[in-house]
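Below is protein_26.pdb, holding PDB, C-alpha atoms.
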```pdb
ATOM      1  CA  MET K  11      26.517  40.568  -4.311  1.00  0.00           C
ATOM      2  CA  MET K  12      23.332  41.646  -6.029  1.00  0.00           C
ATOM      3  CA  THR K  13      20.949  44.538  -5.617  1.00  0.00           C
ATOM      4  CA  THR K  14      17.879  46.130  -7.149  1.00  0.00           C
ATOM      5  CA  ASP K  15      18.934  49.628  -6.016  1.00  0.00           C
ATOM      6  CA  SER K  16      17.879  51.957  -8.833  1.00  0.00           C
ATOM      7  CA  THR K  17      21.131  53.954  -8.799  1.00  0.00           C
ATOM      8  CA  VAL K  18      23.304  50.842  -8.983  1.00  0.00           C
ATOM      9  CA  ARG K  19      21.077  49.375 -11.720  1.00  0.00           C
ATOM     10  CA  SER K  20      21.235  52.599 -13.759  1.00  0.00           C
ATOM     11  CA  GLU K  21      25.037  52.724 -13.491  1.00  0.00           C
ATOM     12  CA  PHE K  22      25.345  49.053 -14.458  1.00  0.00           C
ATOM     13  CA  ILE K  23      23.061  49.413 -17.478  1.00  0.00           C
ATOM     14  CA  ALA K  24      24.855  52.605 -18.566  1.00  0.00           C
ATOM     15  CA  GLY K  25      28.160  50.740 -18.324  1.00  0.00           C
ATOM     16  CA  LEU K  26      26.832  47.915 -20.497  1.00  0.00           C
ATOM     17  CA  ARG K  27      25.642  50.410 -23.098  1.00  0.00           C
ATOM     18  CA  GLU K  28      28.960  52.255 -22.996  1.00  0.00           C
ATOM     19  CA  LEU K  29      30.848  48.994 -23.510  1.00  0.00           C
ATOM     20  CA  ALA K  30      28.584  47.961 -26.388  1.00  0.00           C
ATOM     21  CA  GLN K  31      28.989  51.358 -28.071  1.00  0.00           C
ATOM     22  CA  PHE K  32      32.772  51.289 -27.573  1.00  0.00           C
ATOM     23  CA  LEU K  33      33.010  47.847 -29.191  1.00  0.00           C
ATOM     24  CA  ALA K  34      30.730  48.941 -32.049  1.00  0.00           C
ATOM     25  CA  ASP K  35      32.869  52.045 -32.637  1.00  0.00           C
ATOM     26  CA  ASN K  36      36.183  50.153 -32.438  1.00  0.00           C
ATOM     27  CA  PRO K  37      35.877  47.030 -34.599  1.00  0.00           C
ATOM     28  CA  LYS K  38      39.589  46.186 -34.187  1.00  0.00           C
ATOM     29  CA  VAL K  39      39.183  45.654 -30.440  1.00  0.00           C
ATOM     30  CA  PRO K  40      38.767  41.870 -30.005  1.00  0.00           C
ATOM     31  CA  VAL K  41      35.816  40.257 -28.273  1.00  0.00           C
ATOM     32  CA  PRO K  42      35.591  36.744 -26.798  1.00  0.00           C
ATOM     33  CA  SER K  43      35.236  33.941 -29.338  1.00  0.00           C
ATOM     34  CA  PHE K  44      32.783  32.191 -27.047  1.00  0.00           C
ATOM     35  CA  GLY K  45      29.973  33.393 -24.846  1.00  0.00           C
ATOM     36  CA  ARG K  46      30.396  35.179 -21.554  1.00  0.00           C
ATOM     37  CA  SER K  47      28.254  35.330 -18.443  1.00  0.00           C
ATOM     38  CA  ILE K  48      27.170  37.923 -15.968  1.00  0.00           C
ATOM     39  CA  LEU K  49      27.192  35.793 -12.825  1.00  0.00           C
ATOM     40  CA  LEU K  50      25.531  36.657  -9.542  1.00  0.00           C
ATOM     41  CA  HIS K  51      26.022  34.551  -6.417  1.00  0.00           C
ATOM     42  CA  ALA K  52      22.962  34.088  -4.231  1.00  0.00           C
ATOM     43  CA  LYS K  53      23.446  34.985  -0.583  1.00  0.00           C
ATOM     44  CA  GLY K  54      21.639  33.525   2.400  1.00  0.00           C
ATOM     45  CA  ASP K  55      22.153  31.989   5.814  1.00  0.00           C
ATOM     46  CA  SER K  56      21.185  28.527   4.583  1.00  0.00           C
ATOM     47  CA  ASP K  57      21.159  26.500   1.389  1.00  0.00           C
ATOM     48  CA  GLU K  58      17.366  26.796   1.353  1.00  0.00           C
ATOM     49  CA  GLN K  59      17.536  30.597   1.492  1.00  0.00           C
ATOM     50  CA  LYS K  60      20.107  30.727  -1.305  1.00  0.00           C
ATOM     51  CA  ARG K  61      18.012  28.387  -3.444  1.00  0.00           C
ATOM     52  CA  ALA K  62      14.961  30.577  -2.792  1.00  0.00           C
ATOM     53  CA  VAL K  63      16.897  33.571  -4.150  1.00  0.00           C
ATOM     54  CA  VAL K  64      17.718  31.586  -7.296  1.00  0.00           C
ATOM     55  CA  ASP K  65      14.073  30.548  -7.650  1.00  0.00           C
ATOM     56  CA  ARG K  66      12.916  34.166  -7.309  1.00  0.00           C
ATOM     57  CA  VAL K  67      15.377  35.421  -9.931  1.00  0.00           C
ATOM     58  CA  ALA K  68      14.513  32.481 -12.208  1.00  0.00           C
ATOM     59  CA  THR K  69      10.906  33.651 -12.178  1.00  0.00           C
ATOM     60  CA  LEU K  70      12.004  37.190 -13.042  1.00  0.00           C
ATOM     61  CA  LEU K  71      14.176  35.850 -15.879  1.00  0.00           C
ATOM     62  CA  GLY K  72      11.417  33.607 -17.187  1.00  0.00           C
ATOM     63  CA  SER K  73      13.631  30.545 -16.820  1.00  0.00           C
ATOM     64  CA  ALA K  74      13.745  27.407 -14.697  1.00  0.00           C
ATOM     65  CA  ALA K  75      16.227  26.838 -11.903  1.00  0.00           C
ATOM     66  CA  SER K  76      18.042  23.522 -11.781  1.00  0.00           C
ATOM     67  CA  GLY K  77      21.036  21.723 -10.348  1.00  0.00           C
ATOM     68  CA  ASP K  78      22.138  20.187  -7.098  1.00  0.00           C
ATOM     69  CA  ASP K  79      25.448  21.420  -5.644  1.00  0.00           C
ATOM     70  CA  HIS K  80      25.367  24.254  -8.183  1.00  0.00           C
ATOM     71  CA  TYR K  81      21.739  25.394  -8.289  1.00  0.00           C
ATOM     72  CA  LYS K  82      21.272  28.046 -10.941  1.00  0.00           C
ATOM     73  CA  ALA K  83      18.987  29.906 -13.292  1.00  0.00           C
ATOM     74  CA  VAL K  84      20.186  31.174 -16.666  1.00  0.00           C
ATOM     75  CA  ARG K  85      18.798  33.354 -19.418  1.00  0.00           C
ATOM     76  CA  GLU K  86      20.760  33.686 -22.627  1.00  0.00           C
ATOM     77  CA  PHE K  87      21.038  36.775 -24.803  1.00  0.00           C
ATOM     78  CA  GLY K  88      22.835  35.644 -27.940  1.00  0.00           C
ATOM     79  CA  PRO K  89      26.338  34.594 -26.871  1.00  0.00           C
ATOM     80  CA  LEU K  90      25.884  36.244 -23.471  1.00  0.00           C
ATOM     81  CA  SER K  91      24.105  34.885 -20.451  1.00  0.00           C
ATOM     82  CA  TYR K  92      22.788  36.225 -17.178  1.00  0.00           C
ATOM     83  CA  GLU K  93      23.115  33.673 -14.365  1.00  0.00           C
ATOM     84  CA  VAL K  94      22.306  33.486 -10.687  1.00  0.00           C
ATOM     85  CA  LEU K  95      23.959  30.675  -8.739  1.00  0.00           C
ATOM     86  CA  ALA K  96      23.709  29.084  -5.303  1.00  0.00           C
ATOM     87  CA  ILE K  97      26.536  26.733  -4.311  1.00  0.00           C
ATOM     88  CA  SER K  98      25.644  24.299  -1.536  1.00  0.00           C
ATOM     89  CA  SER K  99      27.393  24.668   1.804  1.00  0.00           C
ATOM     90  CA  GLN K 100      28.629  21.070   1.636  1.00  0.00           C
ATOM     91  CA  HIS K 101      30.160  21.642  -1.802  1.00  0.00           C
ATOM     92  CA  ARG K 102      31.917  24.783  -0.529  1.00  0.00           C
ATOM     93  CA  ARG K 103      33.283  22.867   2.477  1.00  0.00           C
ATOM     94  CA  ASP K 104      34.494  20.048   0.224  1.00  0.00           C
ATOM     95  CA  TYR K 105      36.219  22.548  -2.075  1.00  0.00           C
ATOM     96  CA  GLU K 106      37.863  24.380   0.840  1.00  0.00           C
ATOM     97  CA  ALA K 107      39.119  21.059   2.226  1.00  0.00           C
ATOM     98  CA  LEU K 108      40.577  20.144  -1.158  1.00  0.00           C
ATOM     99  CA  MET K 109      42.236  23.536  -1.537  1.00  0.00           C
ATOM    100  CA  SER K 110      43.806  23.252   1.923  1.00  0.00           C
ATOM    101  CA  TYR K 111      46.297  20.882   0.275  1.00  0.00           C
ATOM    102  CA  ALA K 112      47.288  23.453  -2.361  1.00  0.00           C
ATOM    103  CA  GLY K 113      51.052  23.835  -2.444  1.00  0.00           C
ATOM    104  CA  ALA K 114      51.637  20.858  -0.122  1.00  0.00           C
ATOM    105  CA  VAL K 115      52.527  18.443  -2.927  1.00  0.00           C
ATOM    106  CA  SER K 116      54.179  19.023  -6.283  1.00  0.00           C
ATOM    107  CA  ALA K 117      54.876  16.676  -9.174  1.00  0.00           C
ATOM    108  CA  GLY K 118      58.610  17.361  -8.873  1.00  0.00           C
ATOM    109  CA  GLU K 119      58.717  15.762  -5.422  1.00  0.00           C
ATOM    110  CA  CYS K 120      57.112  12.469  -6.421  1.00  0.00           C
TER     111      CYS K 120
END
```

Can you give me the file's structure in the form of structure tokens?
Amino acid sequence: MMTTDSTVRSEFIAGLRELAQFLADNPKVPVPSFGRSILLHAKGDSDEQKRAVVDRVATLLGSAASGDDHYKAVREFGPLSYEVLAISSQHRRDYEALMSYAGAVSAGEC
């Protein structure tokens, strides 16, 4: 879920600063070797509404939205990225159908 509520934003930004300061003050605490993302999932009643959310955030980020089943906008900050994503309803249904077989078959039974 995402919001522009000023209290939530202030708490989130303060948390990011606190984390950054903690890592700066504790150089023995490991960090990821590769980049990491802050990922927001677009909400909406339809694929078009979710894509419109991504388009709006893309404009705010100064980036372009792209993709098909996974429509997203990304802005990178060094090894970190801020992403907003809309997954198509059909792709979600396909994934849920695939996962409905989870646990039904194992390699040991073949």

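Non-sequential neighbours of Gly45 (chain K) (distance at most 12 Å, separation of 6 or more positions within a chain, all atoms listed in the file) are Glu86, Phe87, Gly88, Pro89, Leu90, Ser91 and Tyr92 of chain K.
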
Practice item. Quick one: apply the PyMOL selection byres ((chain K and resi 80) around 9) to the file and drop the selected residues here as a list of chain:residue names. Key: K:Ser76, K:Gly77, K:Asp78, K:Asp79, K:Tyr81, K:Lys82, K:Leu95, K:Ala96, K:Ile97, K:Ser98, K:His101

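Between CA of Val94 (chain K) and CA of Leu26 (chain K) lies a distance of 18.0 Å.
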
Point to revise | Who sits within 8 Å of Val67 (chain K), all atoms listed in the file, same chain under 4 positions skipped, as a ChimeraX atom specification | key: /K:63,71,83,94

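In this model, the gap between CA of Met11 (chain K) and CA of His51 (chain K) comes to 6.4 Å.
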
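In this model, the gap between CA of Lys53 (chain K) and CA of Glu106 (chain K) comes to 18.0 Å.
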
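Here the question is which of K:Asp57, K:Ala114, K:Ala62, K:Thr13 gets nearest to Gln100 (chain K) using all atoms listed in the file, and that residue is K:Asp57.
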